[in-house]
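See below for the structure under consideration.
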Amino acid sequence: MSADEPAETFESVDWDETGSRFSTLSRRDRGAIASLALVAAAFGYDYHLLSADRPTLTWPIRWNVTQLDWLFIVTLLALLFYVAVPLYSNRRLTAHYWAEFRKNSLAVVSLVYLAAVFLVGVVGPIFLSKPQLALAQSHQPPVYTAVNAAVPVNCLGDVASGMCHGTWAHPLGTTSDGKDVLVLVVYGMQVSMKVGLISTLLVVTIGTTVGTVAAYAGGLVDEVLMRYVDVQLVFPAFFLYLLLNYLFGGSLFMFIVIFGLTGWGSMARLVRSEALQRSEEAYITAADSAGAGTLYVIRRHLVPNVSNSVITAATLLIPGFILFEAALSFLSLGDPTVPSWGQVIAAGRSDLGTAWWVSTLPGLFLFTTILAFNFVGDALRDALDPRQET
Amino acid sequence: MSMRWYVVRRVLWAVVATYLILSVTWGLLALTPNPAAEQLQFRAAASGGSAEAAREAFEARRGLDRPLWDRYSDYMVNMVTLNWGWSDSRSQPVMEAIAGAIPYTAVYSVPTTILSVLLGLSIGLYSATHQYTRTDYAATFFAFFGYAIPNFWFAIVLLLVFSVQLGWFPVVFDPDVPLVGFAMAHQLVLPVVVLVTGTIAGVMRYSRAEALEYVQAEFVKTAKAKGAGEFRILTRHVLRPAAVPLMTILIGDILGIFLAASYLVEVVFGIPGLGQLSYNAILAQDTALVLGTTLIFTFVAVIGNLIQDIAYTILDPRIDYGDR
Amino acid sequence: MWLANTRRRASSGETSRRRDLLRLLGAAGVAGLAGCSGDGGAGTGTGTGAETGTSAGGGRSDQVTYTSASSVDAQSLNWLTTADSTSGAFVTATLDGAWAIKPGQEIFPLWADVSTDDGRVYEIELRDNLRWGGDYGQQTAEDWVYMIRNVFQAEPNWSGYPNAGDWFRQNPDSGQREPIPVEKTGTYTFEIQLFDVDPSFPFKPVMWRQQCIPRALLEQYVPEKDGEGLRQDEELNTLAYTGNLGPYTFEEWDRTSQYVVTRNDDYYLHDADVPDRFTNAPYFEEKAFQILKEESARLGALRAGDVHSAGIPPDKASQFETLESVSVNVTPQPYARILVYNMRANGWEPFRAKAVRQALAFAVNKRAIVENVLRGYAEVAQTMQPRWSKWYDDSTVVEYGVGDRYGSETTRSRLADALSETEYAYDGDALVDGSGEQVTLTLYFDQGQPTEQTIGEFVAQEIQQNAGIAVEPKSISTSTFQDKFVKTSPPQGVEPEWSAGVFNGGPRDVATSAEPWDMSINLQFNTYPFTPASSKGFFEKQGGINFYGYYPEADIAGLYEQASQTTDEARRQELFGEAFGLISEEQPFGFLAMPSSISGYDERVVGYDEEFNTGWDSQTWRFR
């Protein structure tokens, strides 16, 4: 905005804005674009200049950044610039939402839990080495529990009256391969966050864009976009995944890309119907008649006004993706070398009778995470819904 | 533009959409190497035979030795003429395979749908009228419980506990018992429990959101002031206005419930329904059967979307189907 | 994997309806009763439920239906169109086939006996009491010869018969692959005239358990070459022509659920000159196969007594061994778990040296795989033949990966020696390449096979620890592996010197797979203990299955050829013994283990044995 213009009239400002797109970008947008460019540059360096099996970073930690990691970094940046920064800069509004949100104490607990899972998931794998195969230590029970001594190959803890007791060496026990369940759970946190957040980011970005454009542009654009959405909504994406799985083998990256890129149909419909109501409202008509450009209206007026519904829907999408990944693991369609919760649950399911912890403990984390997302999502809806002023 | 013209246009589009999806599905199938064929070739080569001959035999058996276009047009003509062809992985006509599977799917999904709508609705209404109370939390927790627990894992645990350990229910599904009868109901208890707990949350969330809108409405406050009982307020003043939008949202969902989420449960409990049918067809790359089942799923989904759209336009007078 | 699938065959199946009823009453009436059908119920039962009064477990099954659980369903009952083992098992219950092979490799005539004077011309003699169902009358040599000539040997293969290749052989006179001549010599006799001497012919799956179809039925389709009609024929798909030819008769097939056959009261073996147990067979009124995809459900059904038999994975076997109601039967199998090295241009080049492969064989503890992963339900593999086979010669086989022929020190010193002429060398513990980076190799395993994954990760760990090579285990689907790794072809436009089919598209420097790879354990190889010469293609430079680019140093294929044409049994044994010794020494691939097949049977079922191919006389199995 040309703020130093002394005699600023409504009209002159608007013409400026439609003329130069970049000047209309807020500081936040510029920050986001700059950091995105930085990530892209780093990715280009890693992808083109470093050989595939050479790690990207050797200091401070040895880290070969995968495609998935790059996407995750982008997602985290998006979260930072479009959730954290706005919350911080609009402190008054944040305080109001928080007051609403706080009414639901279960949701507050859930939020704390999710934050913990997120932090441990992002940081934990840096400090814990990958789960290792240790056949001699298979099926150790969790600490403070005991199983029939015949279940583990060798019992690491105390054996008393035919029962093998768990030890602190493996607080949550070990799998049939002797992998530590706690380590698997921590790695699984990261995998779940990746699955949930990256796919949701894709869905939100594409869905919001398509929805608002369709609603505001109307006419042929709307018709084409929405009819495409019709097809995509009924398109069996699972089928596509299955076939690509045949062709290239299952991977988490493929899961995220396929379901992220085909799963935005309902989001687009939701955003469109919301935006349709908004675009009938006075401020849009005002901006229109003042000659604001299409993109400007969409970005500055429509998107912010549908963001409440989008955020709520997104919170509820995340657990859906996490659960779906688990279901695919059950069908052995995932990548078994990725330690996701779903993989551990699926691998341990036939041991439920003897080694209940292998499947149950990661299952508990999956369960509580999904539950927490749901509580947070519902509380957000209640807090953000302007229709309901209590 | 009239409502009728709008519906006609949408139905026509539904046909086009279905055709597009079938074509894409067919194309994907044609692109993918068939694991069975590869396996036969390898086995032939491993025992000193000719891999080439094994492939030719397989293609002859599956009718894959004809040009792509011929195969495509054959399938599409078959789809239209309702002669859906022969399922190679089950060696029976596709129509027969689908007709055989539908009853088993219906027999558990009808009770599932009824129960989850009833329970979901009640919990949603209760939760809306008792917001932020301890019982609200308990009810919400119950509704989300089934959603948050992985379906397949829950099913296996129930099977191990109630069928294998306690012996209350049969471990093995018997398809020969009458479809409507005690024996069938008995062996379907566990699958229905798993599916109902899994789907309550969705229904509950919608009904809660809709009801919340009316709970604070002036007419509800008036009724309360006039001393109407809680139950009366709930049924007469909240449920009634909320019912219309709720139903429209639910229609789409009910159709979804009818079809989705059922495969995993069918596998664990060994129910020979549509879920297993379609999934196995894909695994076996049984083109005719995949297209047949895809057509059914697509059709149901397209109709569901259509009903929802029409409902939206009718319910929100601000949106008119004229130019949108 | 395919061979694994074969073993995961239709082992078992379904529930007895009466039992469900009893259980149902128990649940509806007295809740406490339900406990007795729990897992400990069999030993403490009172026998109330059994009609025959001989039941050991309270309310377990009624002794009429034998049910086995299977993880997969059949594809068709029309055996001309199937190649999967489940379909085969379903059909075999109603059609015995030509002959069976007893343990100890002896022919047991079912429909027919086989005899030969010179090991080249085989005479097949049918029994004279074989009747087709419907109006098809007597089964005669006419039916066989017509079917073999017009369906099996038809060119092109219009019916798509998957095993047609078995009926063609190389004719040394013309150098071409030609149909094997088959002549009718009497009403009940016909001759198969091979081009070369082949003493193991009766043990090949050509005529072993081969089934037949009435001529009159085939005549509807043969003249027009109507493959579609044949595939969809009502009688073929409902086994309506089986007459007295099998122990059971088709009853119903509820796809993805169950397959049921009932006792055939005029089974042809009733008035045949066979051991007594066959003349009253079968002993089950009804036999059912229950399809249960989910392993937990299958094992749960076995535990609860809903099925009488089911396959058990190795890590669950010990749980079932403690159950009184189930007995665990372990039978050795001929499928070898193999670590394949890619010796083609897109693999790790040092694998081409025999010394390198031998050194790596010191790195992997085979005993640990057998004991810790397969829980003792396996044999260590050393060559392309199981130890229990009569072709295995202890004195020639060189053992690796066991005892003091396993270890870090030996591996490193041998590998260092073997690589002394190359850029690779040890830097401390790690094997590094010319630029000083540690050697990293990939190891592929099949996605969705937990046991295989564990073996893969274990092998990777062993090679990493003992040889200092970093190994990256990766999962891949069966079909992708086959398409992108096993199929090898020269680059576009390059004409190789020779080609041996899709899996061996030319010399190893020219033809490669689409994707690079170093090691894989995706495939299990059949070692063919009945007909050892069948694995010849694995050990020939130009073998049709040599996708890994192995160039043998010794003439293994020559030995095979010599052995397979020797009619003198002792001499054959000697020649094969020598060949398998050479194979163990050359290490064309790393031999790891031969897993056994583990089945759980209801303790009242008797008849099975702890031997390979124990199901050969399954029509005589019965309840105790």
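By order of appearance in the structure tokens: chains A, B, ..., then residues from 1 within every chain, and ligands from 1 in the order shown.
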
Check: Skipping near chain neighbours, those fewer than 3 positions away, what residues fall within 6 Å of A:Ser199 using only C-alpha atoms, listed as a list of chain:residue names?
Finding: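 Answer for this query is A:Gly196, A:Leu202, A:Ile256, A:Gly260.
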
Give me a file of those residues, with C-alpha atoms, as an mmCIF file, in the first residue's frame.
```cif
data_model
loop_
_atom_site.group_PDB
_atom_site.id
_atom_site.type_symbol
_atom_site.label_atom_id
_atom_site.label_comp_id
_atom_site.auth_asym_id
_atom_site.auth_seq_id
_atom_site.Cartn_x
_atom_site.Cartn_y
_atom_site.Cartn_z
ATOM 1 C CA GLY A 196 -1.806 -35.707 8.488
ATOM 2 C CA LEU A 202 -2.371 -29.939 -0.059
ATOM 3 C CA ILE A 256 0.447 -38.243 0.622
ATOM 4 C CA GLY A 260 -3.589 -34.929 -1.104
#
```

Note to self: Set the cut-off to 7 Å and count only C-alpha atoms: what are the residues of chain C that reach chain A? Output as number ranges by chain.
What the structure shows: C: 295-296, 372, 447-448, 454, 457-458, 474-477, 479-480

How would the residues just chosen look if you wrote them out with N, CA and C atoms as a PDB file, in the first residue's frame?
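The new file again-v2.pdb reads:
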```pdb
ATOM      1  N   GLU C 295      -5.566 -63.567   9.033  1.00  0.00           N
ATOM      2  CA  GLU C 295      -4.860 -64.615   9.763  1.00  0.00           C
ATOM      3  C   GLU C 295      -5.400 -64.801  11.177  1.00  0.00           C
ATOM      4  N   SER C 296      -5.685 -63.696  11.861  1.00  0.00           N
ATOM      5  CA  SER C 296      -6.177 -63.828  13.241  1.00  0.00           C
ATOM      6  C   SER C 296      -7.488 -64.594  13.269  1.00  0.00           C
ATOM      7  N   ASN C 372      15.799 -68.164  15.064  1.00  0.00           N
ATOM      8  CA  ASN C 372      15.182 -66.957  15.612  1.00  0.00           C
ATOM      9  C   ASN C 372      14.050 -66.398  14.764  1.00  0.00           C
ATOM     10  N   GLN C 447       6.874 -56.723  -0.056  1.00  0.00           N
ATOM     11  CA  GLN C 447       6.017 -55.931   0.818  1.00  0.00           C
ATOM     12  C   GLN C 447       4.844 -56.809   1.258  1.00  0.00           C
ATOM     13  N   GLY C 448       4.492 -56.754   2.516  1.00  0.00           N
ATOM     14  CA  GLY C 448       3.335 -57.527   2.972  1.00  0.00           C
ATOM     15  C   GLY C 448       3.683 -58.933   3.430  1.00  0.00           C
ATOM     16  N   THR C 454      11.553 -59.589   8.142  1.00  0.00           N
ATOM     17  CA  THR C 454      12.491 -59.851   9.228  1.00  0.00           C
ATOM     18  C   THR C 454      13.758 -60.495   8.698  1.00  0.00           C
ATOM     19  N   GLU C 457      15.811 -57.810   6.933  1.00  0.00           N
ATOM     20  CA  GLU C 457      16.494 -56.898   7.846  1.00  0.00           C
ATOM     21  C   GLU C 457      17.634 -57.602   8.572  1.00  0.00           C
ATOM     22  N   PHE C 458      17.422 -58.893   8.850  1.00  0.00           N
ATOM     23  CA  PHE C 458      18.466 -59.644   9.541  1.00  0.00           C
ATOM     24  C   PHE C 458      19.686 -59.819   8.632  1.00  0.00           C
ATOM     25  N   LYS C 474      14.843 -52.648   1.400  1.00  0.00           N
ATOM     26  CA  LYS C 474      13.742 -51.915   0.768  1.00  0.00           C
ATOM     27  C   LYS C 474      12.623 -52.883   0.433  1.00  0.00           C
ATOM     28  N   SER C 475      11.392 -52.386   0.539  1.00  0.00           N
ATOM     29  CA  SER C 475      10.271 -53.271   0.230  1.00  0.00           C
ATOM     30  C   SER C 475       9.749 -52.970  -1.153  1.00  0.00           C
ATOM     31  N   ILE C 476       9.152 -53.973  -1.758  1.00  0.00           N
ATOM     32  CA  ILE C 476       8.638 -53.802  -3.106  1.00  0.00           C
ATOM     33  C   ILE C 476       7.523 -54.814  -3.317  1.00  0.00           C
ATOM     34  N   SER C 477       6.566 -54.464  -4.167  1.00  0.00           N
ATOM     35  CA  SER C 477       5.476 -55.407  -4.383  1.00  0.00           C
ATOM     36  C   SER C 477       5.906 -56.498  -5.356  1.00  0.00           C
ATOM     37  N   SER C 479       4.581 -57.761  -8.005  1.00  0.00           N
ATOM     38  CA  SER C 479       4.501 -57.547  -9.448  1.00  0.00           C
ATOM     39  C   SER C 479       5.544 -56.544  -9.910  1.00  0.00           C
ATOM     40  N   THR C 480       5.812 -55.536  -9.082  1.00  0.00           N
ATOM     41  CA  THR C 480       6.838 -54.576  -9.475  1.00  0.00           C
ATOM     42  C   THR C 480       8.177 -55.271  -9.548  1.00  0.00           C
TER      43      THR C 480
END
```

Item checked: Residue list for chain B near chain C as a PyMOL selection string, 6 Å, only C-alpha atoms -> chain B and resi 35+45-48+57-58+60-61+89-91+164-168+171+268+270+272

Saved selection, atoms kept: C-alpha atoms, as a CSV table (one decimal), in the first residue's frame:
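Written out: part-v8.csv:
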```csv
chain,number,residue,atom,x,y,z
B,35,PRO,CA,0.7,-60.0,-11.2
B,45,ALA,CA,10.7,-70.2,-16.8
B,46,ALA,CA,11.8,-71.5,-13.4
B,47,SER,CA,10.7,-75.1,-14.3
B,48,GLY,CA,12.4,-74.9,-17.7
B,57,ALA,CA,-1.9,-68.7,-22.8
B,58,PHE,CA,-2.8,-66.2,-20.1
B,60,ALA,CA,-5.8,-65.9,-24.5
B,61,ARG,CA,-7.6,-67.0,-21.4
B,89,SER,CA,-11.3,-64.3,-11.1
B,90,ARG,CA,-14.5,-66.0,-9.9
B,91,SER,CA,-15.6,-67.7,-13.1
B,164,VAL,CA,-12.6,-67.2,20.3
B,165,GLN,CA,-12.2,-66.7,24.0
B,166,LEU,CA,-15.8,-66.4,25.2
B,167,GLY,CA,-17.5,-68.2,22.4
B,168,TRP,CA,-20.5,-66.0,22.4
B,171,VAL,CA,-15.8,-67.1,14.5
B,268,VAL,CA,-12.0,-59.8,9.4
B,270,GLY,CA,-15.3,-63.2,6.4
B,272,PRO,CA,-18.7,-62.2,1.3
```

Checklist line | 10 Å contact set for A:Leu323, only C-alpha atoms, chain neighbours under 2 positions out, as a ChimeraX atom specification | finding: /A:192,195-196,318-321,325-329,341-342,366-367,370 /B:147-151

Output for the residues just chosen: C-alpha atoms as a PDB file, in the first residue's frame:
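Result file is part_9.pdb:
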```pdb
ATOM      1  CA  SER A 192       1.585 -39.449  11.557  1.00  0.00           C
ATOM      2  CA  VAL A 195       0.805 -37.874   6.834  1.00  0.00           C
ATOM      3  CA  GLY A 196      -1.806 -35.707   8.488  1.00  0.00           C
ATOM      4  CA  ILE A 318      -5.951 -34.670   9.640  1.00  0.00           C
ATOM      5  CA  PRO A 319      -7.135 -37.618  11.751  1.00  0.00           C
ATOM      6  CA  GLY A 320      -8.887 -39.002   8.681  1.00  0.00           C
ATOM      7  CA  PHE A 321      -5.603 -39.220   6.806  1.00  0.00           C
ATOM      8  CA  GLU A 325      -2.731 -44.673   6.462  1.00  0.00           C
ATOM      9  CA  ALA A 326      -3.262 -47.209   9.242  1.00  0.00           C
ATOM     10  CA  ALA A 327      -5.951 -48.976   7.228  1.00  0.00           C
ATOM     11  CA  LEU A 328      -3.660 -49.220   4.217  1.00  0.00           C
ATOM     12  CA  SER A 329      -0.961 -50.683   6.426  1.00  0.00           C
ATOM     13  CA  TRP A 341       1.774 -46.527  13.916  1.00  0.00           C
ATOM     14  CA  GLY A 342      -0.372 -48.286  11.370  1.00  0.00           C
ATOM     15  CA  LEU A 366      -3.185 -43.472  17.409  1.00  0.00           C
ATOM     16  CA  PHE A 367      -6.522 -43.538  19.216  1.00  0.00           C
ATOM     17  CA  ILE A 370      -7.365 -39.023  16.533  1.00  0.00           C
TER      18      ILE A 370
ATOM     19  CA  TYR B 147     -14.177 -43.323  15.085  1.00  0.00           C
ATOM     20  CA  ALA B 148     -10.766 -42.952  16.648  1.00  0.00           C
ATOM     21  CA  ILE B 149     -10.110 -46.638  17.111  1.00  0.00           C
ATOM     22  CA  PRO B 150      -8.767 -48.329  13.990  1.00  0.00           C
ATOM     23  CA  ASN B 151     -11.651 -50.356  12.602  1.00  0.00           C
TER      24      ASN B 151
END
```

With only C-alpha atoms counted and 7 Å as the cut-off, give the residues of chain B in contact with chain A, each with its shortest interatomic distance in Å and the pair that gives it, as CSV.
```
residue,atom,partner,partner_atom,distance
B:Ala17,CA,A:Val231,CA,5.4
B:Ile21,CA,A:Phe235,CA,6.2
B:Thr32,CA,A:Leu243,CA,6.6
B:Tyr132,CA,A:Asn104,CA,6.1
B:Phe144,CA,A:Leu371,CA,6.4
B:Ala148,CA,A:Phe367,CA,5.0
B:Ile149,CA,A:Phe367,CA,5.2
B:Pro150,CA,A:Leu323,CA,6.7
B:Glu213,CA,A:Gln388,CA,6.7
B:Thr298,CA,A:Val234,CA,5.7
B:Ala301,CA,A:Val234,CA,5.8
B:Val302,CA,A:Val234,CA,6.7
B:Asp323,CA,A:Gly219,CA,6.6
B:Arg324,CA,A:Gly218,CA,6.8
```

Notebook entry, point to check: Quick one: DSSP alpha helix (DSSP H) residues in stretch 119-169 of chain A, as an NGL selection string?
Noted result: :A and (119-127)

Keeping only C-alpha atoms, write the selected residues as a short mmCIF file (atom, residue, chain, number, x, y, z; two decimals), in the first residue's frame.
```cif
data_model
loop_
_atom_site.label_atom_id
_atom_site.label_comp_id
_atom_site.auth_asym_id
_atom_site.auth_seq_id
_atom_site.Cartn_x
_atom_site.Cartn_y
_atom_site.Cartn_z
CA LEU A 119 7.14 -31.72 19.40
CA VAL A 120 8.27 -35.19 20.40
CA GLY A 121 7.58 -36.41 16.87
CA VAL A 122 9.66 -33.68 15.26
CA VAL A 123 12.51 -33.68 17.76
CA GLY A 124 12.53 -37.28 19.03
CA PRO A 125 13.82 -39.06 15.92
CA ILE A 126 16.85 -36.74 15.92
CA PHE A 127 17.97 -38.17 19.25
#
```

Next item on the list: Extract, using only C-alpha atoms, all DNA, RNA and protein residues at most 8 Å from C:Leu110, discarding same-chain residues fewer than 4 positions from it, and format them as a list in words.
Entry: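 Contacts, in chain order: Asp96, Gly97, Ala98, Trp99, Ala100 and Leu269 of chain C.
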
Check: Closest to C:Ala288 among C:Glu578, C:Glu252, C:Glu462, C:Glu235, using only C-alpha atoms?
Finding: C:Glu252

Next item on the list: Would you kindly return, as a PyMOL selection string, each protein, DNA or RNA residue with an atom no farther than 6 Å from any atom of stretch 319-329 of chain C, considering only C-alpha atoms and excluding same-chain residues fewer than 5 positions away?
Entry: chain C and resi 42+598-603

Taking N, CA and C atoms for each residue, export the selection above as a PDB file, in the first residue's frame.
```
ATOM      1  N   ALA C  42     -11.500 -78.028  24.935  1.00  0.00           N
ATOM      2  CA  ALA C  42     -11.431 -79.367  24.359  1.00  0.00           C
ATOM      3  C   ALA C  42     -11.065 -80.422  25.397  1.00  0.00           C
ATOM      4  N   ILE C 598       3.766 -75.573   8.269  1.00  0.00           N
ATOM      5  CA  ILE C 598       3.219 -75.887   9.590  1.00  0.00           C
ATOM      6  C   ILE C 598       1.698 -75.839   9.502  1.00  0.00           C
ATOM      7  N   SER C 599       1.060 -76.922   9.866  1.00  0.00           N
ATOM      8  CA  SER C 599      -0.395 -76.941   9.869  1.00  0.00           C
ATOM      9  C   SER C 599      -0.871 -77.354  11.239  1.00  0.00           C
ATOM     10  N   GLY C 600      -1.983 -76.769  11.629  1.00  0.00           N
ATOM     11  CA  GLY C 600      -2.596 -77.217  12.862  1.00  0.00           C
ATOM     12  C   GLY C 600      -3.807 -78.067  12.516  1.00  0.00           C
ATOM     13  N   TYR C 601      -3.931 -79.243  13.130  1.00  0.00           N
ATOM     14  CA  TYR C 601      -5.099 -80.087  12.907  1.00  0.00           C
ATOM     15  C   TYR C 601      -5.827 -80.278  14.232  1.00  0.00           C
ATOM     16  N   ASP C 602      -7.105 -80.342  14.144  1.00  0.00           N
ATOM     17  CA  ASP C 602      -7.903 -80.746  15.285  1.00  0.00           C
ATOM     18  C   ASP C 602      -7.331 -82.078  15.758  1.00  0.00           C
ATOM     19  N   GLU C 603      -7.176 -82.241  17.071  1.00  0.00           N
ATOM     20  CA  GLU C 603      -6.466 -83.433  17.539  1.00  0.00           C
ATOM     21  C   GLU C 603      -7.173 -84.737  17.163  1.00  0.00           C
TER      22      GLU C 603
END
```
